[in-house]
$ cat start_8.cif   # mmCIF, C-alpha atoms
data_start
loop_
_atom_site.group_PDB
_atom_site.id
_atom_site.type_symbol
_atom_site.label_atom_id
_atom_site.label_comp_id
_atom_site.auth_asym_id
_atom_site.auth_seq_id
_atom_site.Cartn_x
_atom_site.Cartn_y
_atom_site.Cartn_z
ATOM 1 C CA MET Y 222 -9.545 1.765 22.048
ATOM 2 C CA LYS Y 223 -13.129 2.943 22.452
ATOM 3 C CA ASN Y 224 -13.944 2.570 18.792
ATOM 4 C CA LYS Y 225 -16.573 -0.122 19.110
ATOM 5 C CA LYS Y 226 -19.225 -0.935 16.580
ATOM 6 C CA LYS Y 227 -22.574 0.624 17.461
ATOM 7 C CA ARG Y 228 -25.520 -1.786 17.387
ATOM 8 C CA ALA Y 229 -25.254 -2.710 13.705
ATOM 9 C CA GLY Y 230 -25.940 -6.358 14.442
ATOM 10 C CA THR Y 231 -24.734 -8.746 11.786
ATOM 11 C CA VAL Y 232 -25.151 -6.822 8.566
ATOM 12 C CA HIS Y 233 -22.710 -7.159 5.734
ATOM 13 C CA GLU Y 234 -22.585 -3.402 5.120
ATOM 14 C CA VAL Y 235 -20.700 -2.793 8.387
ATOM 15 C CA ILE Y 236 -17.271 -4.289 8.997
ATOM 16 C CA ASP Y 237 -14.780 -3.833 11.797
ATOM 17 C CA SER Y 238 -11.691 -5.439 10.361
ATOM 18 C CA ARG Y 239 -8.987 -4.112 12.645
ATOM 19 C CA TYR Y 240 -6.430 -6.388 14.214
ATOM 20 C CA SER Y 241 -6.559 -6.591 17.999
ATOM 21 C CA SER Y 242 -2.766 -6.628 18.340
ATOM 22 C CA VAL Y 243 0.438 -6.262 16.340
ATOM 23 C CA GLY Y 244 1.216 -9.911 17.076
ATOM 24 C CA GLU Y 245 -2.085 -11.014 15.586
ATOM 25 C CA GLN Y 246 -1.494 -8.854 12.517
ATOM 26 C CA ARG Y 247 1.997 -10.307 11.986
ATOM 27 C CA ALA Y 248 0.821 -13.899 12.375
ATOM 28 C CA GLU Y 249 -2.016 -13.407 9.895
ATOM 29 C CA ALA Y 250 0.232 -11.502 7.495
ATOM 30 C CA LEU Y 251 2.662 -14.430 7.357
ATOM 31 C CA LEU Y 252 -0.114 -16.934 6.708
ATOM 32 C CA LEU Y 253 -1.664 -14.705 4.083
ATOM 33 C CA MET Y 254 1.607 -14.104 2.248
ATOM 34 C CA GLU Y 255 2.288 -17.847 2.052
ATOM 35 C CA ALA Y 256 -1.203 -18.483 0.706
ATOM 36 C CA ARG Y 257 -0.888 -15.624 -1.794
ATOM 37 C CA LYS Y 258 2.408 -16.948 -3.135
ATOM 38 C CA LYS Y 259 0.787 -20.326 -3.752
ATOM 39 C CA ARG Y 260 -2.214 -18.761 -5.446
ATOM 40 C CA MET Y 261 0.013 -16.452 -7.504
ATOM 41 C CA ALA Y 262 1.887 -19.461 -8.843
ATOM 42 C CA GLN Y 263 -1.428 -20.682 -10.277
ATOM 43 C CA VAL Y 264 -2.397 -17.386 -11.901
ATOM 44 C CA SER Y 265 -2.368 -17.612 -15.692
ATOM 45 C CA GLN Y 266 -0.133 -15.470 -17.870
ATOM 46 C CA MET Y 267 -3.281 -13.960 -19.364
ATOM 47 C CA ASP Y 268 -4.472 -12.813 -15.923
ATOM 48 C CA VAL Y 269 -1.048 -11.269 -15.245
ATOM 49 C CA PHE Y 270 -1.345 -9.380 -18.573
ATOM 50 C CA LYS Y 271 -4.792 -8.179 -17.577
ATOM 51 C CA ALA Y 272 -3.512 -6.934 -14.217
ATOM 52 C CA LYS Y 273 -0.631 -5.093 -15.885
ATOM 53 C CA LEU Y 274 -2.930 -3.503 -18.436
ATOM 54 C CA MET Y 275 -5.411 -2.521 -15.729
ATOM 55 C CA ARG Y 276 -2.585 -0.889 -13.811
ATOM 56 C CA LEU Y 277 -1.514 1.029 -16.912
ATOM 57 C CA LYS Y 278 -5.076 2.172 -17.541
ATOM 58 C CA LEU Y 279 -5.397 3.375 -13.935
ATOM 59 C CA GLN Y 280 -2.025 5.146 -14.150
ATOM 60 C CA MET Y 281 -3.170 6.986 -17.269
ATOM 61 C CA GLU Y 282 -6.431 7.945 -15.568
ATOM 62 C CA GLU Y 283 -4.506 9.215 -12.543
ATOM 63 C CA PHE Y 284 -2.244 11.285 -14.789
ATOM 64 C CA LEU Y 285 -5.287 12.885 -16.403
ATOM 65 C CA LYS Y 286 -6.992 13.498 -13.048
ATOM 66 C CA ALA Y 287 -4.007 15.201 -11.468
ATOM 67 C CA PRO Y 288 -1.669 16.423 -14.197
ATOM 68 C CA VAL Y 289 1.861 16.976 -12.976
ATOM 69 C CA TYR Y 290 4.133 19.656 -14.427
ATOM 70 C CA ASP Y 291 7.309 17.617 -14.168
ATOM 71 C CA ASN Y 292 8.693 17.751 -17.696
ATOM 72 C CA LYS Y 293 8.808 13.958 -17.966
ATOM 73 C CA PRO Y 294 7.676 12.103 -21.096
ATOM 74 C CA HIS Y 295 4.559 10.426 -19.695
ATOM 75 C CA PHE Y 296 3.018 9.612 -23.063
ATOM 76 C CA THR Y 297 6.030 7.630 -24.267
ATOM 77 C CA SER Y 298 6.516 6.073 -20.846
ATOM 78 C CA PHE Y 299 2.925 4.778 -20.890
ATOM 79 C CA LEU Y 300 3.383 3.665 -24.484
ATOM 80 C CA GLU Y 301 6.543 1.715 -23.606
ATOM 81 C CA THR Y 302 4.742 -0.011 -20.747
ATOM 82 C CA TYR Y 303 1.835 -0.833 -23.058
ATOM 83 C CA ILE Y 304 4.047 -2.350 -25.728
ATOM 84 C CA ASP Y 305 6.354 -4.185 -23.309
ATOM 85 C CA THR Y 306 3.351 -5.707 -21.515
ATOM 86 C CA LEU Y 307 1.933 -7.154 -24.706
ATOM 87 C CA TYR Y 308 5.055 -7.982 -26.735
ATOM 88 C CA ASP Y 309 8.447 -9.560 -26.237
ATOM 89 C CA LYS Y 310 9.871 -7.397 -29.017
ATOM 90 C CA ARG Y 311 8.833 -3.858 -29.867
ATOM 91 C CA SER Y 312 9.346 -4.598 -33.547
ATOM 92 C CA ALA Y 313 6.431 -7.048 -33.313
ATOM 93 C CA PHE Y 314 4.178 -4.219 -32.167
ATOM 94 C CA ALA Y 315 5.461 -2.046 -35.014
ATOM 95 C CA LYS Y 316 4.585 -4.829 -37.430
ATOM 96 C CA ASP Y 317 1.115 -5.241 -35.938
ATOM 97 C CA ILE Y 318 0.279 -1.585 -36.456
ATOM 98 C CA ASP Y 319 2.002 -1.458 -39.833
ATOM 99 C CA ILE Y 320 4.799 1.010 -39.105
ATOM 100 C CA THR Y 321 8.564 0.594 -39.292
ATOM 101 C CA PRO Y 322 10.515 -0.323 -36.132
ATOM 102 C CA VAL Y 323 12.639 2.778 -36.759
ATOM 103 C CA SER Y 324 9.711 5.182 -36.667
ATOM 104 C CA LEU Y 325 8.378 3.465 -33.522
ATOM 105 C CA SER Y 326 11.780 3.800 -31.912
ATOM 106 C CA GLN Y 327 11.899 7.503 -32.805
ATOM 107 C CA VAL Y 328 8.534 8.083 -31.141
ATOM 108 C CA LEU Y 329 9.513 6.092 -28.045
ATOM 109 C CA ASN Y 330 12.779 7.998 -27.735
ATOM 110 C CA ASN Y 331 11.024 11.345 -28.165
ATOM 111 C CA HIS Y 332 12.951 12.062 -31.363
ATOM 112 C CA ARG Y 333 9.775 12.601 -33.341
ATOM 113 C CA GLU Y 334 6.162 13.417 -32.565
ATOM 114 C CA PRO Y 335 3.637 10.649 -33.227
ATOM 115 C CA LYS Y 336 1.715 11.319 -36.438
ATOM 116 C CA GLU Y 337 -2.066 11.280 -36.469
ATOM 117 C CA GLU Y 338 -2.039 7.931 -38.269
ATOM 118 C CA PHE Y 339 0.070 6.469 -35.463
ATOM 119 C CA MET Y 340 -2.390 7.753 -32.864
ATOM 120 C CA LEU Y 341 -5.358 6.303 -34.736
ATOM 121 C CA LYS Y 342 -3.672 2.914 -35.038
ATOM 122 C CA LEU Y 343 -2.768 3.011 -31.360
ATOM 123 C CA MET Y 344 -6.389 3.813 -30.514
ATOM 124 C CA VAL Y 345 -7.730 0.814 -32.427
ATOM 125 C CA HIS Y 346 -4.976 -1.505 -31.135
ATOM 126 C CA SER Y 347 -5.744 -0.461 -27.551
ATOM 127 C CA GLU Y 348 -9.472 -0.966 -27.967
ATOM 128 C CA ARG Y 349 -8.725 -4.583 -28.818
ATOM 129 C CA ALA Y 350 -6.061 -5.095 -26.168
ATOM 130 C CA PHE Y 351 -8.175 -3.660 -23.363
ATOM 131 C CA LYS Y 352 -11.392 -5.393 -24.401
ATOM 132 C CA PRO Y 353 -11.091 -8.135 -21.724
ATOM 133 C CA LEU Y 354 -10.905 -5.374 -19.093
ATOM 134 C CA GLY Y 355 -14.063 -3.586 -20.152
ATOM 135 C CA ASP Y 356 -13.866 -0.393 -22.099
ATOM 136 C CA PHE Y 357 -10.705 1.560 -22.710
ATOM 137 C CA HIS Y 358 -11.695 5.099 -23.468
ATOM 138 C CA LYS Y 359 -11.083 5.876 -27.139
ATOM 139 C CA LYS Y 360 -9.790 9.320 -26.207
ATOM 140 C CA MET Y 361 -7.293 8.104 -23.611
ATOM 141 C CA TRP Y 362 -4.031 8.156 -25.623
ATOM 142 C CA TYR Y 363 -4.957 11.500 -27.212
ATOM 143 C CA GLN Y 364 -5.839 12.966 -23.831
ATOM 144 C CA VAL Y 365 -2.548 11.852 -22.310
ATOM 145 C CA TYR Y 366 -0.592 13.151 -25.296
ATOM 146 C CA PHE Y 367 -2.194 16.588 -25.307
ATOM 147 C CA GLN Y 368 -2.221 16.873 -21.522
ATOM 148 C CA GLU Y 369 1.516 16.328 -21.623
ATOM 149 C CA LYS Y 370 1.884 19.028 -24.269
ATOM 150 C CA ILE Y 371 -0.017 21.446 -22.010
ATOM 151 C CA ASN Y 372 2.116 20.434 -19.012
ATOM 152 C CA GLU Y 373 5.291 20.846 -21.014
ATOM 153 C CA THR Y 374 4.298 24.303 -22.270
ATOM 154 C CA MET Y 375 3.346 25.488 -18.795
ATOM 155 C CA ALA Y 376 6.464 24.025 -17.185
ATOM 156 C CA ASN Y 377 8.812 25.614 -19.709
ATOM 157 C CA GLN Y 378 7.499 29.168 -19.679
ATOM 158 C CA GLU Y 379 10.847 30.622 -18.659
ATOM 159 C CA LYS Y 380 12.339 29.150 -21.837
ATOM 160 C CA TRP Y 381 9.788 30.309 -24.408
ATOM 161 C CA ARG Y 382 8.101 33.308 -22.771
ATOM 162 C CA PRO Y 383 10.869 36.001 -23.051
ATOM 163 C CA GLU Y 384 11.191 35.594 -26.824
ATOM 164 C CA VAL Y 385 7.452 35.351 -27.383
ATOM 165 C CA GLU Y 386 6.738 38.380 -25.169
ATOM 166 C CA LYS Y 387 9.084 40.471 -27.334
ATOM 167 C CA LYS Y 388 7.170 39.578 -30.478
ATOM 168 C CA ILE Y 389 3.702 40.417 -29.164
ATOM 169 C CA LYS Y 390 2.935 44.080 -29.782
ATOM 170 C CA PHE Y 391 -0.491 44.216 -28.202
ATOM 171 C CA GLU Y 392 -0.683 45.850 -24.716
ATOM 172 C CA SER Y 393 -3.285 45.156 -22.047
ATOM 173 C CA LEU Y 394 -6.556 47.131 -22.358
ATOM 174 C CA ILE Y 395 -6.520 47.916 -18.648
ATOM 175 C CA MET F 135 -18.692 4.406 -10.443
ATOM 176 C CA LYS F 136 -22.386 4.143 -9.677
ATOM 177 C CA ILE F 137 -24.726 2.937 -6.968
ATOM 178 C CA LEU F 138 -28.233 1.568 -7.368
ATOM 179 C CA GLU F 139 -31.281 3.431 -6.104
ATOM 180 C CA VAL F 140 -33.320 0.456 -4.935
ATOM 181 C CA SER F 141 -36.782 2.059 -5.300
ATOM 182 C CA THR F 142 -36.288 3.140 -8.919
ATOM 183 C CA GLY F 143 -33.656 0.710 -10.172
ATOM 184 C CA GLN F 144 -31.646 3.713 -11.398
ATOM 185 C CA LEU F 145 -27.858 3.717 -11.374
ATOM 186 C CA LEU F 146 -26.541 7.006 -9.984
ATOM 187 C CA ASP F 147 -23.049 8.468 -10.335
ATOM 188 C CA ILE F 148 -20.949 8.644 -7.192
ATOM 189 C CA ASN F 149 -17.726 10.194 -5.964
ATOM 190 C CA ILE F 150 -15.338 8.544 -3.535
ATOM 191 C CA THR F 151 -13.035 11.111 -1.992
ATOM 192 C CA THR F 152 -10.829 11.587 1.036
ATOM 193 C CA VAL F 153 -12.641 12.645 4.189
ATOM 194 C CA ALA F 154 -11.847 16.253 5.070
ATOM 195 C CA TYR F 155 -11.479 17.685 8.542
ATOM 196 C CA VAL F 156 -14.872 19.414 8.312
ATOM 197 C CA ASP F 157 -16.613 16.141 7.480
ATOM 198 C CA PHE F 158 -16.069 14.888 11.014
ATOM 199 C CA LYS F 159 -18.693 17.406 12.163
ATOM 200 C CA VAL F 160 -21.382 15.376 10.394
ATOM 201 C CA ILE F 161 -19.944 11.881 10.813
ATOM 202 C CA SER F 162 -21.705 10.537 13.875
ATOM 203 C CA SER F 163 -21.201 7.086 15.324
ATOM 204 C CA LYS F 164 -24.997 6.777 15.432
ATOM 205 C CA ARG F 165 -25.310 6.986 11.647
ATOM 206 C CA TYR F 166 -21.947 5.469 10.676
ATOM 207 C CA PHE F 167 -21.473 2.901 13.482
ATOM 208 C CA PHE F 168 -17.898 3.786 14.500
ATOM 209 C CA TYR F 169 -15.937 6.638 16.043
ATOM 210 C CA TRP F 170 -14.290 7.583 12.755
ATOM 211 C CA GLU F 171 -12.164 10.352 14.221
ATOM 212 C CA GLU F 172 -10.055 7.625 15.798
ATOM 213 C CA GLU F 173 -9.093 6.444 12.318
ATOM 214 C CA LYS F 174 -7.412 9.737 11.425
ATOM 215 C CA ALA F 175 -4.001 8.046 11.373
ATOM 216 C CA TYR F 176 -5.205 6.048 8.368
ATOM 217 C CA GLU F 177 -6.728 6.994 5.052
ATOM 218 C CA ILE F 178 -10.482 7.522 5.293
ATOM 219 C CA VAL F 179 -12.697 7.921 2.243
ATOM 220 C CA LYS F 180 -16.364 8.845 1.886
ATOM 221 C CA LEU F 181 -18.882 7.883 -0.767
ATOM 222 C CA THR F 182 -21.387 10.515 -1.923
ATOM 223 C CA LEU F 183 -23.656 11.011 -4.912
ATOM 224 C CA VAL F 184 -22.019 13.415 -7.390
ATOM 225 C CA ASP F 185 -24.653 16.107 -6.844
ATOM 226 C CA ASN F 186 -25.057 15.683 -3.096
ATOM 227 C CA THR F 187 -22.710 16.087 -0.150
ATOM 228 C CA ASP F 188 -24.534 13.595 2.093
ATOM 229 C CA ILE F 189 -22.173 10.780 3.052
ATOM 230 C CA LEU F 190 -23.590 7.346 2.211
ATOM 231 C CA GLY F 191 -20.588 5.225 3.097
ATOM 232 C CA LEU F 192 -17.199 5.393 4.800
ATOM 233 C CA MET F 193 -14.088 3.250 4.737
ATOM 234 C CA SER F 194 -10.699 3.452 6.445
ATOM 235 C CA PHE F 195 -7.740 1.472 5.188
ATOM 236 C CA GLU F 196 -4.021 0.944 5.508
ATOM 237 C CA CYS F 197 -1.564 0.442 2.645
ATOM 238 C CA ILE F 198 0.939 -2.210 3.745
ATOM 239 C CA ASP F 199 3.569 -1.714 1.038
ATOM 240 C CA ALA F 200 5.939 -4.376 2.372
ATOM 241 C CA GLU F 201 3.223 -6.976 1.741
ATOM 242 C CA LYS F 202 1.801 -5.359 -1.404
ATOM 243 C CA ARG F 203 -1.580 -5.313 0.300
ATOM 244 C CA ILE F 204 -4.228 -2.820 1.360
ATOM 245 C CA HIS F 205 -6.029 -3.811 4.535
ATOM 246 C CA ILE F 206 -9.502 -2.427 5.043
ATOM 247 C CA ARG F 207 -9.924 -1.467 8.705
ATOM 248 C CA LEU F 208 -13.452 -0.126 8.961
ATOM 249 C CA LEU F 209 -16.193 -0.066 6.396
ATOM 250 C CA ALA F 210 -19.772 1.104 6.849
ATOM 251 C CA ALA F 211 -22.706 2.174 4.779
ATOM 252 C CA SER F 212 -24.809 4.824 6.507
ATOM 253 C CA LYS F 213 -27.550 3.539 8.807
ATOM 254 C CA GLU F 214 -30.369 3.896 6.246
ATOM 255 C CA ASN F 215 -28.341 1.932 3.698
ATOM 256 C CA ILE F 216 -27.897 -1.325 5.581
ATOM 257 C CA GLY F 217 -30.125 -4.374 5.650
ATOM 258 C CA LYS F 218 -33.054 -5.256 3.425
ATOM 259 C CA ASP F 219 -34.709 -1.790 3.549
ATOM 260 C CA LYS F 220 -31.668 0.060 2.281
ATOM 261 C CA ILE F 221 -32.171 3.072 -0.006
ATOM 262 C CA TYR F 222 -29.053 2.503 -2.103
ATOM 263 C CA ASP F 223 -27.277 -0.710 -3.008
ATOM 264 C CA HIS F 224 -23.672 -1.257 -4.232
ATOM 265 C CA ILE F 225 -22.166 1.052 -1.588
ATOM 266 C CA VAL F 226 -19.920 -1.673 -0.156
ATOM 267 C CA GLY F 227 -19.015 -3.012 -3.618
ATOM 268 C CA SER F 228 -18.088 0.470 -4.821
ATOM 269 C CA LEU F 229 -15.894 1.122 -1.775
ATOM 270 C CA LEU F 230 -14.184 -2.248 -2.252
ATOM 271 C CA ALA F 231 -13.669 -1.492 -5.959
ATOM 272 C CA PHE F 232 -12.159 1.881 -5.058
ATOM 273 C CA VAL F 233 -9.566 0.298 -2.798
ATOM 274 C CA ALA F 234 -9.032 -2.518 -5.324
ATOM 275 C CA LYS F 235 -8.124 0.092 -7.944
ATOM 276 C CA ARG F 236 -5.689 1.666 -5.516
ATOM 277 C CA ALA F 237 -4.102 -1.753 -4.904
ATOM 278 C CA VAL F 238 -3.715 -2.496 -8.636
ATOM 279 C CA LEU F 239 -2.281 0.964 -9.177
ATOM 280 C CA LYS F 240 0.311 0.423 -6.449
ATOM 281 C CA TYR F 241 1.101 -3.263 -6.734
ATOM 282 C CA GLY F 242 0.132 -4.392 -10.264
ATOM 283 C CA GLU F 243 -0.218 -8.147 -10.581
ATOM 284 C CA TRP F 244 0.551 -8.543 -6.839
ATOM 285 C CA ALA F 245 -2.406 -6.367 -5.857
ATOM 286 C CA CYS F 246 -4.294 -7.575 -2.822
ATOM 287 C CA ILE F 247 -7.012 -6.160 -0.596
ATOM 288 C CA SER F 248 -7.880 -7.802 2.690
ATOM 289 C CA LEU F 249 -10.424 -7.622 5.460
ATOM 290 C CA ARG F 250 -11.575 -9.652 8.436
ATOM 291 C CA PRO F 251 -15.344 -9.672 8.792
ATOM 292 C CA LYS F 252 -17.117 -11.514 11.581
ATOM 293 C CA THR F 253 -17.064 -15.276 11.068
ATOM 294 C CA GLU F 254 -20.771 -15.347 10.171
ATOM 295 C CA LEU F 255 -20.226 -12.733 7.446
ATOM 296 C CA ALA F 256 -17.187 -14.340 5.857
ATOM 297 C CA GLN F 257 -19.175 -16.681 3.634
ATOM 298 C CA TYR F 258 -21.223 -13.771 2.294
ATOM 299 C CA TYR F 259 -18.040 -11.996 1.174
ATOM 300 C CA ILE F 260 -16.582 -15.168 -0.266
ATOM 301 C CA ASN F 261 -19.727 -15.731 -2.341
ATOM 302 C CA LYS F 262 -20.454 -12.149 -3.309
ATOM 303 C CA TYR F 263 -16.941 -10.890 -4.083
ATOM 304 C CA LYS F 264 -15.127 -14.201 -4.742
ATOM 305 C CA MET F 265 -12.744 -13.573 -1.855
ATOM 306 C CA SER F 266 -10.258 -16.176 -0.647
ATOM 307 C CA ILE F 267 -9.997 -17.095 3.015
ATOM 308 C CA THR F 268 -6.710 -17.586 4.865
ATOM 309 C CA GLY F 269 -7.033 -18.088 8.605
ATOM 310 C CA MET F 270 -9.348 -15.277 9.691
ATOM 311 C CA THR F 271 -8.470 -13.023 6.758
ATOM 312 C CA LEU F 272 -10.384 -12.641 3.537
ATOM 313 C CA SER F 273 -8.466 -11.364 0.550
ATOM 314 C CA LEU F 274 -9.015 -10.502 -3.054
ATOM 315 C CA GLU F 275 -6.197 -10.858 -5.562
ATOM 316 C CA VAL F 276 -5.614 -11.261 -9.290
ATOM 317 C CA PRO F 277 -7.711 -12.307 -11.194
ATOM 318 C CA GLU F 278 -10.778 -11.701 -8.983
ATOM 319 C CA ILE F 279 -9.667 -8.197 -7.998
ATOM 320 C CA ILE F 280 -9.715 -7.201 -11.693
ATOM 321 C CA GLU F 281 -13.220 -8.609 -12.068
ATOM 322 C CA LEU F 282 -14.398 -6.554 -9.082
ATOM 323 C CA ILE F 283 -13.006 -3.371 -10.626
ATOM 324 C CA LYS F 284 -14.676 -4.179 -13.938
ATOM 325 C CA GLN F 285 -17.979 -4.969 -12.270
ATOM 326 C CA TYR F 286 -18.179 -1.717 -10.334
ATOM 327 C CA SER F 287 -16.576 0.654 -12.828
ATOM 328 C CA HIS F 288 -19.691 1.137 -15.012
ATOM 329 C CA GLU F 289 -17.645 2.871 -17.686
ATOM 330 C CA GLU F 290 -19.299 4.556 -20.631
#

$ encode --input "start_8.cif" --output "structure tokens"
Amino acid sequence: MKNKKKRAGTVHEVIDSRYSSVGEQRAEALLLMEARKKRMAQVSQMDVFKAKLMRLKLQMEEFLKAPVYDNKPHFTSFLETYIDTLYDKRSAFAKDIDITPVSLSQVLNNHREPKEEFMLKLMVHSERAFKPLGDFHKKMWYQVYFQEKINETMANQEKWRPEVEKKIKFESLI
Amino acid sequence: MKILEVSTGQLLDINITTVAYVDFKVISSKRYFFYWEEEKAYEIVKLTLVDNTDILGLMSFECIDAEKRIHIRLLAASKENIGKDKIYDHIVGSLLAFVAKRAVLKYGEWACISLRPKTELAQYYINKYKMSITGMTLSLEVPEIIELIKQYSHEE
């Protein structure tokens, strides 16, 4: 391997962190995993919550950065993760945002669209839940919801387009 | 994410994106300290200002899924951004935060990033980024990895 560091001296902005052999990597990996398990056992439940919420936030950001046209219910999947991270029972979340467990269940099972009031309550609830992690963008749940609607519409064109095309009487100007 | 322009104290928006094939034409070992083309088997990312294509920092890393860990292989700020006369600060922190986000995204509460700096640099990383040391390896896990992401996210 000719990839040697070029005269950087000892500066903390330049790091060569590669293992010199597979054996060395394996030995260090074993040590590290043991140490991590011990440290993980000491991590508080609150820090585990924070990590789970951070992961959810990053997943939502990824979804918005690179929307996928896969016809899956991302909004409700993120919502389920959010609720299940914070609560043992979903009915407790419903109570905290002052809706019935039945209407929450209908939203989660994609049997009804979330009403605006639900979205607003979710926005305020999330602002509070994500506060220890820095800001959670107020628009995030709305963005995910509407991005999914766009994805769904685009993905299902073969279903809706033939009927809609028949009803549009306007022809192209060109 | 943002980096700090040392002369003005201004925080400037950055992008961290995957290195493209054409980038290797401008990535010299003189300015970036390593022969980065040899890292092509791994993921390599570059840090640039949002309105400028000049590469200010590079990092290669390996996702080790079986261990729920991302190991940083090479990391370098460009030559003019190292030492006390650097033009921009927070390049290393931003690159670490980028890979920390990737680790949390992949591994959740088990997220871990690791690196092995020279012995004389280890203490700097332990102090600055609250890393843990195991043998020769420094690592960042929950909760410190979350703090790093928060610190370098600069969200509005």

$ atom_distance --input "start_8.cif" --atom1 "atom CA of F:Lys284" --atom2 "atom CA of Y:Gly355"
6.3 Å

$ closest_residue --input "start_8.cif" --among "F:Leu208, F:Ala234, F:Val276, F:Ile178" --to "F:Phe158" --atoms "only C-alpha atoms"
F:Ile178

$ closest_residue --input "start_8.cif" --among "Y:Met275, Y:Val365, Y:Val385, Y:Val235" --to "F:Leu229" --atoms "all atoms listed in the file"
Y:Val235

$ resolve_selection --input "start_8.cif" --expression "the PyMOL selection byres ((chain Y) within 6 of (chain F))" --output "MDAnalysis selection string"
chainID Y and resid 224 226:227 234:239 253 268:269 272:273 276

$ axis_aligned_box --input "start_8.cif" --around "stretch 183-197 of chain F" --padding-each-side "5 Å" --output "lines of an AutoDock Vina configuration file"
center_x = -13.3
center_y = 8.3
center_z = -0.5
size_x = 33.5
size_y = 25.7
size_z = 23.8

$ resolve_selection --input "start_8.cif" --expression "the PyMOL selection byres ((chain Y and resi 318) around 12)" --output "compact mmCIF listing (two decimals) with C-alpha atoms, in the frame of the given file"
# COMPACT_ATOMS: atom_id res chain seq x y z
CA ILE Y 304 4.05 -2.35 -25.73
CA ARG Y 311 8.83 -3.86 -29.87
CA SER Y 312 9.35 -4.60 -33.55
CA ALA Y 313 6.43 -7.05 -33.31
CA PHE Y 314 4.18 -4.22 -32.17
CA ALA Y 315 5.46 -2.05 -35.01
CA LYS Y 316 4.58 -4.83 -37.43
CA ASP Y 317 1.12 -5.24 -35.94
CA ASP Y 319 2.00 -1.46 -39.83
CA ILE Y 320 4.80 1.01 -39.10
CA THR Y 321 8.56 0.59 -39.29
CA PRO Y 322 10.52 -0.32 -36.13
CA SER Y 324 9.71 5.18 -36.67
CA LEU Y 325 8.38 3.46 -33.52
CA GLU Y 338 -2.04 7.93 -38.27
CA PHE Y 339 0.07 6.47 -35.46
CA MET Y 340 -2.39 7.75 -32.86
CA LEU Y 341 -5.36 6.30 -34.74
CA LYS Y 342 -3.67 2.91 -35.04
CA LEU Y 343 -2.77 3.01 -31.36
CA MET Y 344 -6.39 3.81 -30.51
CA VAL Y 345 -7.73 0.81 -32.43
CA HIS Y 346 -4.98 -1.50 -31.14
CA SER Y 347 -5.74 -0.46 -27.55

$ residues_around --input "start_8.cif" --residues "F:Thr187" --least-positions-apart "5" --cutoff "10 Å" --atoms "all atoms listed in the file" --output "PyMOL selection string"
chain F and resi 149+157+180-182

$ atom_distance --input "start_8.cif" --atom1 "atom CA of F:Gln144" --atom2 "atom CA of F:Tyr222"
9.7 Å

$ resolve_selection --input "start_8.cif" --expression "the PyMOL selection byres ((chain F and resi 151) around 6)" --output "list of chain:residue names"
F:Ile150, F:Thr152, F:Val179, F:Lys180

$ atom_distance --input "start_8.cif" --atom1 "atom CA of Y:Lys271" --atom2 "atom CA of Y:Arg349"
12.4 Å

$ closest_residue --input "start_8.cif" --among "Y:Thr374, Y:Thr302, Y:Asn292, Y:Thr297" --to "Y:Ser326" --atoms "all atoms listed in the file"
Y:Thr297

$ decode --input "start_8.cif" --residues "stretch 210-220 of chain F" --atoms "N, CA and C atoms" --output "mmCIF file, in the first residue's frame"
data_model
loop_
_atom_site.group_PDB
_atom_site.id
_atom_site.type_symbol
_atom_site.label_atom_id
_atom_site.label_comp_id
_atom_site.auth_asym_id
_atom_site.auth_seq_id
_atom_site.Cartn_x
_atom_site.Cartn_y
_atom_site.Cartn_z
ATOM 1 N N ALA F 210 -9.027 14.191 6.204
ATOM 2 C CA ALA F 210 -8.082 15.301 6.051
ATOM 3 C C ALA F 210 -8.794 16.576 5.655
ATOM 4 N N ALA F 211 -8.438 17.647 6.338
ATOM 5 C CA ALA F 211 -8.811 18.969 5.840
ATOM 6 C C ALA F 211 -7.769 19.326 4.785
ATOM 7 N N SER F 212 -8.114 20.216 3.874
ATOM 8 C CA SER F 212 -7.138 20.611 2.851
ATOM 9 C C SER F 212 -5.971 21.348 3.517
ATOM 10 N N LYS F 213 -4.847 21.391 2.818
ATOM 11 C CA LYS F 213 -3.593 21.867 3.406
ATOM 12 C C LYS F 213 -3.722 23.236 4.087
ATOM 13 N N GLU F 214 -4.481 24.151 3.460
ATOM 14 C CA GLU F 214 -4.591 25.507 4.025
ATOM 15 C C GLU F 214 -5.544 25.560 5.216
ATOM 16 N N ASN F 215 -6.164 24.422 5.524
ATOM 17 C CA ASN F 215 -7.116 24.398 6.643
ATOM 18 C C ASN F 215 -6.661 23.507 7.799
ATOM 19 N N ILE F 216 -5.338 23.349 7.913
ATOM 20 C CA ILE F 216 -4.810 22.629 9.073
ATOM 21 C C ILE F 216 -3.932 23.575 9.891
ATOM 22 N N GLY F 217 -3.783 23.242 11.144
ATOM 23 C CA GLY F 217 -2.895 24.031 12.010
ATOM 24 C C GLY F 217 -3.501 25.354 12.445
ATOM 25 N N LYS F 218 -2.678 26.181 13.071
ATOM 26 C CA LYS F 218 -3.213 27.405 13.691
ATOM 27 C C LYS F 218 -3.565 28.496 12.673
ATOM 28 N N ASP F 219 -3.032 28.424 11.452
ATOM 29 C CA ASP F 219 -3.329 29.460 10.446
ATOM 30 C C ASP F 219 -4.445 29.054 9.493
ATOM 31 N N LYS F 220 -5.240 28.115 9.896
ATOM 32 C CA LYS F 220 -6.293 27.612 9.005
ATOM 33 C C LYS F 220 -7.279 28.718 8.616
#
